[in-house]
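run.txt follows (compact mmCIF, C-alpha atoms):
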# COMPACT_ATOMS: atom_id res chain seq x y z
CA MET A 1228 -23.43 19.98 -166.55
CA LYS A 1229 -21.16 17.03 -165.93
CA THR A 1230 -21.72 13.45 -167.10
CA LYS A 1231 -22.68 12.32 -163.58
CA ASP A 1232 -25.38 15.02 -163.51
CA ALA A 1233 -26.75 13.90 -166.88
CA ILE A 1234 -26.74 10.27 -165.67
CA ALA A 1235 -28.69 11.28 -162.57
CA LEU A 1236 -31.13 13.36 -164.62
CA ILE A 1237 -32.24 10.38 -166.73
CA GLU A 1238 -32.02 7.88 -163.87
CA SER A 1239 -35.81 7.39 -163.77
CA ALA A 1240 -35.59 6.00 -167.31
CA GLY A 1241 -32.68 3.73 -166.36
CA ASN A 1242 -34.66 0.60 -165.48
CA ARG A 1243 -36.67 0.91 -168.71
CA LEU A 1244 -33.45 1.13 -170.72
CA LYS A 1245 -31.68 -1.95 -169.34
CA SER A 1246 -33.50 -4.21 -171.81
CA SER A 1247 -33.10 -1.79 -174.73
CA GLY A 1248 -30.69 -2.11 -177.60
CA ASP A 1249 -29.69 0.65 -179.98
CA TRP A 1250 -30.62 4.30 -179.49
CA ALA A 1251 -29.85 7.56 -181.30
CA ASP A 1252 -29.00 10.87 -179.64
CA LEU A 1253 -30.08 13.51 -182.16
CA GLY A 1254 -28.28 16.83 -181.79
CA CYS A 1255 -25.76 15.29 -179.40
CA GLY A 1256 -23.37 18.24 -179.19
CA ALA A 1257 -20.30 17.11 -177.25
CA GLY A 1258 -21.95 13.80 -176.34
CA LEU A 1259 -22.93 14.50 -172.73
CA PHE A 1260 -26.29 12.72 -172.91
CA SER A 1261 -24.93 10.06 -175.27
CA LYS A 1262 -22.60 9.10 -172.43
CA ALA A 1263 -25.40 9.25 -169.86
CA LEU A 1264 -27.65 7.07 -172.03
CA SER A 1265 -24.87 4.53 -172.66
CA HIS A 1266 -24.47 4.22 -168.88
CA TYR A 1267 -27.91 2.55 -168.64
CA LEU A 1268 -27.94 0.47 -171.83
CA PRO A 1269 -26.80 -3.19 -172.01
CA VAL A 1270 -23.19 -3.91 -172.98
CA ASP A 1271 -24.04 -4.92 -176.56
CA SER A 1272 -26.02 -1.71 -177.23
CA THR A 1273 -25.01 1.25 -179.36
CA VAL A 1274 -25.80 4.95 -179.04
CA PHE A 1275 -25.60 6.66 -182.43
CA ALA A 1276 -24.59 10.23 -181.52
CA VAL A 1277 -25.67 12.57 -184.34
CA ASP A 1278 -24.68 16.22 -184.72
CA LYS A 1279 -23.93 18.48 -187.68
CA THR A 1280 -21.64 21.05 -186.12
CA ARG A 1281 -19.63 19.30 -183.47
CA SER A 1282 -17.52 16.27 -183.50
CA PHE A 1283 -16.20 14.28 -180.59
CA THR A 1284 -14.33 11.07 -180.07
CA PRO A 1285 -16.42 8.72 -177.98
CA ASP A 1286 -14.66 7.24 -174.96
CA THR A 1287 -16.59 3.97 -175.14
CA GLU A 1288 -17.31 1.45 -177.89
CA LYS A 1289 -21.03 1.82 -177.10
CA ILE A 1290 -21.12 5.28 -178.77
CA ARG A 1291 -20.69 5.88 -182.50
CA PHE A 1292 -20.55 9.47 -183.74
CA ILE A 1293 -22.33 10.39 -187.00
CA LYS A 1294 -21.73 13.86 -188.44
CA ALA A 1295 -25.07 14.80 -190.01
CA ASP A 1296 -27.94 17.27 -189.90
CA PHE A 1297 -30.54 15.22 -188.02
CA VAL A 1298 -33.41 17.32 -189.42
CA ASN A 1299 -32.54 17.41 -193.12
CA ASP A 1300 -30.26 14.42 -193.80
CA THR A 1301 -31.28 10.82 -194.28
CA LEU A 1302 -29.59 9.09 -191.39
CA PRO A 1303 -27.94 5.64 -191.55
CA LEU A 1304 -30.17 4.37 -188.75
CA GLU A 1305 -32.73 1.59 -188.53
CA GLU A 1306 -34.44 -0.62 -185.98
CA LEU A 1307 -33.74 1.72 -183.05
CA ASP A 1308 -35.15 0.97 -179.61
CA GLY A 1309 -35.43 4.68 -178.94
CA ILE A 1310 -34.38 8.24 -179.65
CA LEU A 1311 -32.99 10.78 -177.20
CA MET A 1312 -33.15 14.49 -177.94
CA ALA A 1313 -31.55 16.74 -175.33
CA ASN A 1314 -32.13 20.44 -175.98
CA SER A 1315 -32.35 19.83 -179.72
CA LEU A 1316 -36.07 19.53 -180.53
CA HIS A 1317 -36.44 23.29 -180.00
CA TYR A 1318 -34.38 23.82 -183.18
CA VAL A 1319 -36.96 21.96 -185.31
CA LYS A 1320 -39.58 24.26 -186.82
CA ASN A 1321 -42.29 21.69 -187.60
CA GLN A 1322 -41.94 19.31 -184.69
CA PRO A 1323 -44.99 17.07 -185.36
CA VAL A 1324 -43.92 16.38 -188.96
CA PHE A 1325 -40.32 15.79 -187.89
CA LEU A 1326 -41.24 13.38 -185.08
CA LYS A 1327 -43.53 11.45 -187.42
CA LYS A 1328 -40.62 11.15 -189.88
CA LEU A 1329 -38.51 9.55 -187.14
CA HIS A 1330 -40.80 6.49 -187.10
CA ALA A 1331 -38.86 5.18 -190.12
CA TYR A 1332 -35.86 4.67 -187.82
CA LEU A 1333 -37.71 2.99 -184.95
CA LYS A 1334 -38.72 -0.53 -184.03
CA PRO A 1335 -42.38 -1.00 -183.14
CA GLY A 1336 -42.84 -0.06 -179.50
CA ALA A 1337 -39.78 2.20 -179.40
CA GLY A 1338 -39.77 5.23 -177.14
CA PHE A 1339 -38.25 8.67 -176.73
CA ILE A 1340 -36.43 10.58 -174.05
CA ILE A 1341 -36.84 14.32 -174.56
CA ILE A 1342 -35.01 16.97 -172.55
CA GLU A 1343 -36.20 20.51 -173.20
CA TYR A 1344 -36.67 23.93 -171.69
CA ASP A 1345 -40.19 24.32 -170.32
CA LYS A 1346 -40.80 27.50 -172.30
CA THR A 1347 -43.61 28.82 -174.45
CA ILE A 1348 -41.99 32.04 -175.68
CA PRO A 1349 -39.20 31.77 -178.28
CA VAL A 1350 -35.72 33.10 -177.62
CA PRO A 1351 -34.09 33.64 -181.05
CA MET A 1352 -30.83 31.70 -181.60
CA TRP A 1353 -31.22 29.88 -178.27
CA VAL A 1354 -34.72 28.34 -178.22
CA PRO A 1355 -36.33 29.37 -181.53
CA TYR A 1356 -39.21 26.84 -181.40
CA PRO A 1357 -39.91 26.13 -177.73
CA VAL A 1358 -41.46 22.83 -176.63
CA SER A 1359 -43.08 23.19 -173.23
CA PHE A 1360 -43.96 19.94 -171.48
CA VAL A 1361 -47.65 20.58 -172.18
CA ARG A 1362 -46.96 21.07 -175.90
CA LEU A 1363 -44.75 17.97 -175.99
CA GLY A 1364 -47.65 15.93 -174.62
CA GLN A 1365 -50.02 17.36 -177.21
CA ILE A 1366 -47.63 16.57 -180.06
CA PHE A 1367 -46.93 12.97 -179.01
CA HIS A 1368 -50.58 12.23 -178.21
CA SER A 1369 -51.51 13.49 -181.70
CA LEU A 1370 -48.99 10.96 -183.09
CA GLY A 1371 -50.67 8.09 -181.23
CA TYR A 1372 -48.39 7.80 -178.19
CA THR A 1373 -50.25 7.02 -174.98
CA SER A 1374 -47.65 7.80 -172.33
CA VAL A 1375 -45.81 11.11 -171.99
CA GLU A 1376 -44.32 11.15 -168.51
CA LYS A 1377 -42.21 13.85 -166.89
CA ILE A 1378 -39.43 11.93 -165.15
CA GLY A 1379 -37.28 14.84 -164.03
CA GLU A 1380 -36.69 18.55 -164.06
CA ARG A 1381 -33.95 20.93 -163.13
CA ALA A 1382 -33.26 24.63 -163.05
CA SER A 1383 -31.20 25.87 -165.95
CA VAL A 1384 -27.94 27.64 -165.26
CA TYR A 1385 -29.07 30.17 -167.89
CA GLY A 1386 -31.65 32.53 -166.46
CA ASN A 1387 -34.67 31.45 -164.45
CA ASP A 1388 -35.84 28.71 -166.78
CA MET A 1389 -36.54 25.11 -165.91
CA PHE A 1390 -35.92 22.18 -168.17
CA TYR A 1391 -37.67 18.84 -168.02
CA VAL A 1392 -36.96 15.23 -168.92
CA ALA A 1393 -39.80 13.26 -170.48
CA PHE A 1394 -40.09 9.56 -171.27
CA ILE A 1395 -42.49 8.83 -174.12
CA ALA A 1396 -43.82 5.35 -174.83
CA PRO A 1397 -46.42 4.04 -177.27
structure tokens encoding of this file:
Amino acid sequence: MKTKDAIALIESAGNRLKSSGDWADLGCGAGLFSKALSHYLPVDSTVFAVDKTRSFTPDTEKIRFIKADFVNDTLPLEELDGILMANSLHYVKNQPVFLKKLHAYLKPGAGFIIIEYDKTIPVPMWVPYPVSFVRLGQIFHSLGYTSVEKIGERASVYGNDMFYVAFIAP
């Protein structure tokens, strides 16, 4: 996927992001969705791109790379307006506990953008802990969130799977 495709994929969240400030992209990989997210955020915003295995040099001052394990490390983040996770939540074994832990990094009223494969059956090494859209809704509703909205979906280039984009708000 190219940056323009990632920008288009989260476009439905774009208007909601224009008044946001700082966000984190957990499990950012090469920064594709960090770049897409930064496209919609105000000029004085920052995207903290976090990944433990990859490293990239951001091409904009709006993105700061942090090399860390987003599941196990304490991250140098606070007062975030939101968290993006693109194809990374399926690597977290206990998703409800993990997502609850993320509240320490968020401002009240902060939201999430989650991009995941709409799968229920694990694929070892690729999607070990799948998060279908239905399951995502169940998890976030159990954490007190009231809005879990599918804002996009697309066929994966790998197999016959679909992936979805969800915007989650309190």
Task: range 1229-1233 of chain A environment, 7 Å, only C-alpha atoms, sequence neighbours closer than 3 positions dropped, as a ChimeraX atom specification - done: /A:1236-1237,1259-1260,1262-1263
TODO: Write out as JSON, numbers by chain the residues lying within 9 Å of His1317 in chain A, counting only C-alpha atoms and excluding same-chain residues fewer than 3 positions away.
DONE: {"A": [1314, 1320, 1322, 1343, 1344, 1353, 1354, 1355, 1356, 1357, 1358]}
Open item on the list: For a quick check of understanding, using all atoms listed in the file, which of A:Glu1306, A:Asp1296, A:Asp1345, A:Asp1271 has the smallest distance to Leu1363 in chain A?
Closed with: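 Smallest distance to Leu1363 in chain A is found for A:Asp1345.
Here CA of Gly1248 in chain A and CA of Arg1381 in chain A stand 27.4 Å from one another.
Look at Cys1255 in chain A: the protein and nucleic acid residues within 6 Å of it, using all atoms listed in the file and passing over chain neighbours fewer than 6 places away, are A:Ala1276, A:Val1277, A:Asp1278.
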- [ ] Excluding Ile1342 in chain A and any residue of its chain fewer than 2 positions from it, enumerate the residues within 9 Å of it, using all atoms listed in the file, and give them as number ranges by chain.
- [x] A: 1311-1316, 1340, 1344, 1380, 1390-1393
Exercise: Arg1281 in chain A partners within 10 Å, all atoms listed in the file, chain neighbours under 2 positions left out, as a compact mmCIF listing (two decimals) with C-alpha atoms, keeping the file's coordinate frame:
# COMPACT_ATOMS: atom_id res chain seq x y z
CA GLY A 1254 -28.28 16.83 -181.79
CA CYS A 1255 -25.76 15.29 -179.40
CA GLY A 1256 -23.37 18.24 -179.19
CA ALA A 1257 -20.30 17.11 -177.25
CA GLY A 1258 -21.95 13.80 -176.34
CA VAL A 1277 -25.67 12.57 -184.34
CA ASP A 1278 -24.68 16.22 -184.72
CA LYS A 1279 -23.93 18.48 -187.68
CA PHE A 1283 -16.20 14.28 -180.59
CA PHE A 1292 -20.55 9.47 -183.74
CA ILE A 1293 -22.33 10.39 -187.00
CA LYS A 1294 -21.73 13.86 -188.44
CA ALA A 1295 -25.07 14.80 -190.01
- [ ] Would you mind telling me which residue in A:Ile1348, A:Glu1288, A:Ile1395, A:Leu1370 lies nearest to Arg1243 in chain A when using all atoms listed in the file?
- [x]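 Nearest candidate to Arg1243 in chain A out of A:Ile1348, A:Glu1288, A:Ile1395, A:Leu1370: A:Ile1395.
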Task: Point-to-point distance from CA of Phe1275 in chain A to CA of Leu1333 in chain A, Å rounded to tenths - done: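 The value is 12.9 Å.
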Task: Residue nearest Gly1379 in chain A among A:Val1274, A:Leu1329, A:Ala1240, A:Met1228 (counting only C-alpha atoms) - done: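 Selected residue with least distance to Gly1379 in chain A: A:Ala1240.
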Open item on the list: I'd like to know which of A:Ser1383, A:Ser1247, A:Thr1373, A:Asn1242 is closest to Gly1309 in chain A, using all atoms listed in the file.
Closed with: A:Ser1247
- [ ] Compare A:Ala1337, A:Val1375, A:Leu1304, A:Val1298 by their minimum atom-to-atom distance to Ser1246 in chain A, counting all atoms listed in the file, and give me the closest one.
- [x] A:Ala1337
TODO: Could you tell me which of A:Pro1335, A:Pro1269, A:Gly1371, A:Gly1241 comes closest to Leu1307 in chain A if we count only C-alpha atoms?
DONE: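 Among the listed residues, the smallest separation from Leu1307 in chain A belongs to A:Pro1335.
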Task: Length of the CA of Asn1299 in chain A to CA of Val1319 in chain A vector [Å] - done: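 Value for the CA of Asn1299 in chain A-CA of Val1319 in chain A distance: 10.1 Å.
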Would you compute an axis-aligned box for range 1373-1387 of chain A, covering every atom listed for it in the file with 6 Å of margin on each side, and report centre and edge lengths in Å to one decimal as AutoDock Vina command-line options?
--center_x -39.1 --center_y 19.8 --center_z -169.0 --size_x 34.3 --size_y 37.5 --size_z 23.9
Please extract range 1330-1355 of chain A and write it out with N, CA and C atoms, as a PDB file, in the first residue's frame.
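Okay, this is what ended up in part_15.pdb:
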ATOM      1  N   HIS A1330      -5.053   3.731  28.598  1.00  0.00           N
ATOM      2  CA  HIS A1330      -5.736   4.915  29.138  1.00  0.00           C
ATOM      3  C   HIS A1330      -4.768   5.851  29.861  1.00  0.00           C
ATOM      4  N   ALA A1331      -3.688   5.323  30.399  1.00  0.00           N
ATOM      5  CA  ALA A1331      -2.700   6.145  31.106  1.00  0.00           C
ATOM      6  C   ALA A1331      -2.046   7.167  30.172  1.00  0.00           C
ATOM      7  N   TYR A1332      -2.065   6.902  28.874  1.00  0.00           N
ATOM      8  CA  TYR A1332      -1.431   7.791  27.904  1.00  0.00           C
ATOM      9  C   TYR A1332      -2.405   8.798  27.282  1.00  0.00           C
ATOM     10  N   LEU A1333      -3.691   8.644  27.556  1.00  0.00           N
ATOM     11  CA  LEU A1333      -4.714   9.408  26.841  1.00  0.00           C
ATOM     12  C   LEU A1333      -5.324  10.544  27.644  1.00  0.00           C
ATOM     13  N   LYS A1334      -5.693  11.604  26.937  1.00  0.00           N
ATOM     14  CA  LYS A1334      -6.506  12.660  27.518  1.00  0.00           C
ATOM     15  C   LYS A1334      -7.933  12.135  27.671  1.00  0.00           C
ATOM     16  N   PRO A1335      -8.702  12.689  28.588  1.00  0.00           N
ATOM     17  CA  PRO A1335     -10.121  12.322  28.637  1.00  0.00           C
ATOM     18  C   PRO A1335     -10.777  12.640  27.290  1.00  0.00           C
ATOM     19  N   GLY A1336     -11.594  11.731  26.821  1.00  0.00           N
ATOM     20  CA  GLY A1336     -12.281  11.929  25.549  1.00  0.00           C
ATOM     21  C   GLY A1336     -11.487  11.513  24.323  1.00  0.00           C
ATOM     22  N   ALA A1337     -10.288  10.989  24.516  1.00  0.00           N
ATOM     23  CA  ALA A1337      -9.448  10.578  23.389  1.00  0.00           C
ATOM     24  C   ALA A1337     -10.039   9.351  22.696  1.00  0.00           C
ATOM     25  N   GLY A1338      -9.690   9.188  21.434  1.00  0.00           N
ATOM     26  CA  GLY A1338     -10.215   8.078  20.656  1.00  0.00           C
ATOM     27  C   GLY A1338      -9.134   7.186  20.080  1.00  0.00           C
ATOM     28  N   PHE A1339      -9.575   6.229  19.298  1.00  0.00           N
ATOM     29  CA  PHE A1339      -8.690   5.262  18.650  1.00  0.00           C
ATOM     30  C   PHE A1339      -9.060   5.143  17.180  1.00  0.00           C
ATOM     31  N   ILE A1340      -8.079   4.862  16.367  1.00  0.00           N
ATOM     32  CA  ILE A1340      -8.304   4.363  15.019  1.00  0.00           C
ATOM     33  C   ILE A1340      -7.625   2.998  14.982  1.00  0.00           C
ATOM     34  N   ILE A1341      -8.403   1.975  14.660  1.00  0.00           N
ATOM     35  CA  ILE A1341      -7.889   0.608  14.604  1.00  0.00           C
ATOM     36  C   ILE A1341      -8.077   0.089  13.192  1.00  0.00           C
ATOM     37  N   ILE A1342      -6.999  -0.468  12.635  1.00  0.00           N
ATOM     38  CA  ILE A1342      -7.041  -1.102  11.323  1.00  0.00           C
ATOM     39  C   ILE A1342      -6.619  -2.545  11.548  1.00  0.00           C
ATOM     40  N   GLU A1343      -7.503  -3.471  11.195  1.00  0.00           N
ATOM     41  CA  GLU A1343      -7.242  -4.886  11.462  1.00  0.00           C
ATOM     42  C   GLU A1343      -7.863  -5.772  10.399  1.00  0.00           C
ATOM     43  N   TYR A1344      -7.361  -6.994  10.319  1.00  0.00           N
ATOM     44  CA  TYR A1344      -7.973  -8.007   9.469  1.00  0.00           C
ATOM     45  C   TYR A1344      -9.268  -8.461  10.131  1.00  0.00           C
ATOM     46  N   ASP A1345     -10.312  -8.605   9.348  1.00  0.00           N
ATOM     47  CA  ASP A1345     -11.605  -9.031   9.881  1.00  0.00           C
ATOM     48  C   ASP A1345     -11.642 -10.556   9.912  1.00  0.00           C
ATOM     49  N   LYS A1346     -10.842 -11.104  10.829  1.00  0.00           N
ATOM     50  CA  LYS A1346     -10.667 -12.552  10.945  1.00  0.00           C
ATOM     51  C   LYS A1346     -11.070 -13.025  12.335  1.00  0.00           C
ATOM     52  N   THR A1347     -11.464 -14.277  12.416  1.00  0.00           N
ATOM     53  CA  THR A1347     -11.742 -14.893  13.716  1.00  0.00           C
ATOM     54  C   THR A1347     -10.811 -16.072  13.986  1.00  0.00           C
ATOM     55  N   ILE A1348     -10.195 -16.592  12.940  1.00  0.00           N
ATOM     56  CA  ILE A1348      -9.314 -17.756  13.083  1.00  0.00           C
ATOM     57  C   ILE A1348      -7.860 -17.293  13.004  1.00  0.00           C
ATOM     58  N   PRO A1349      -7.050 -17.661  14.013  1.00  0.00           N
ATOM     59  CA  PRO A1349      -5.640 -17.238  14.013  1.00  0.00           C
ATOM     60  C   PRO A1349      -4.845 -17.810  12.837  1.00  0.00           C
ATOM     61  N   VAL A1350      -3.866 -17.052  12.421  1.00  0.00           N
ATOM     62  CA  VAL A1350      -2.874 -17.499  11.449  1.00  0.00           C
ATOM     63  C   VAL A1350      -1.533 -17.279  12.143  1.00  0.00           C
ATOM     64  N   PRO A1351      -0.890 -18.354  12.647  1.00  0.00           N
ATOM     65  CA  PRO A1351       0.357 -18.186  13.398  1.00  0.00           C
ATOM     66  C   PRO A1351       1.373 -17.342  12.629  1.00  0.00           C
ATOM     67  N   MET A1352       2.101 -16.505  13.360  1.00  0.00           N
ATOM     68  CA  MET A1352       3.137 -15.610  12.852  1.00  0.00           C
ATOM     69  C   MET A1352       2.572 -14.412  12.088  1.00  0.00           C
ATOM     70  N   TRP A1353       1.381 -14.489  11.572  1.00  0.00           N
ATOM     71  CA  TRP A1353       0.839 -13.405  10.758  1.00  0.00           C
ATOM     72  C   TRP A1353      -0.256 -12.663  11.515  1.00  0.00           C
ATOM     73  N   VAL A1354      -1.255 -13.390  12.000  1.00  0.00           N
ATOM     74  CA  VAL A1354      -2.344 -12.820  12.799  1.00  0.00           C
ATOM     75  C   VAL A1354      -2.604 -13.778  13.962  1.00  0.00           C
ATOM     76  N   PRO A1355      -1.718 -13.789  14.967  1.00  0.00           N
ATOM     77  CA  PRO A1355      -1.846 -14.777  16.042  1.00  0.00           C
ATOM     78  C   PRO A1355      -3.076 -14.589  16.938  1.00  0.00           C
TER      79      PRO A1355
END
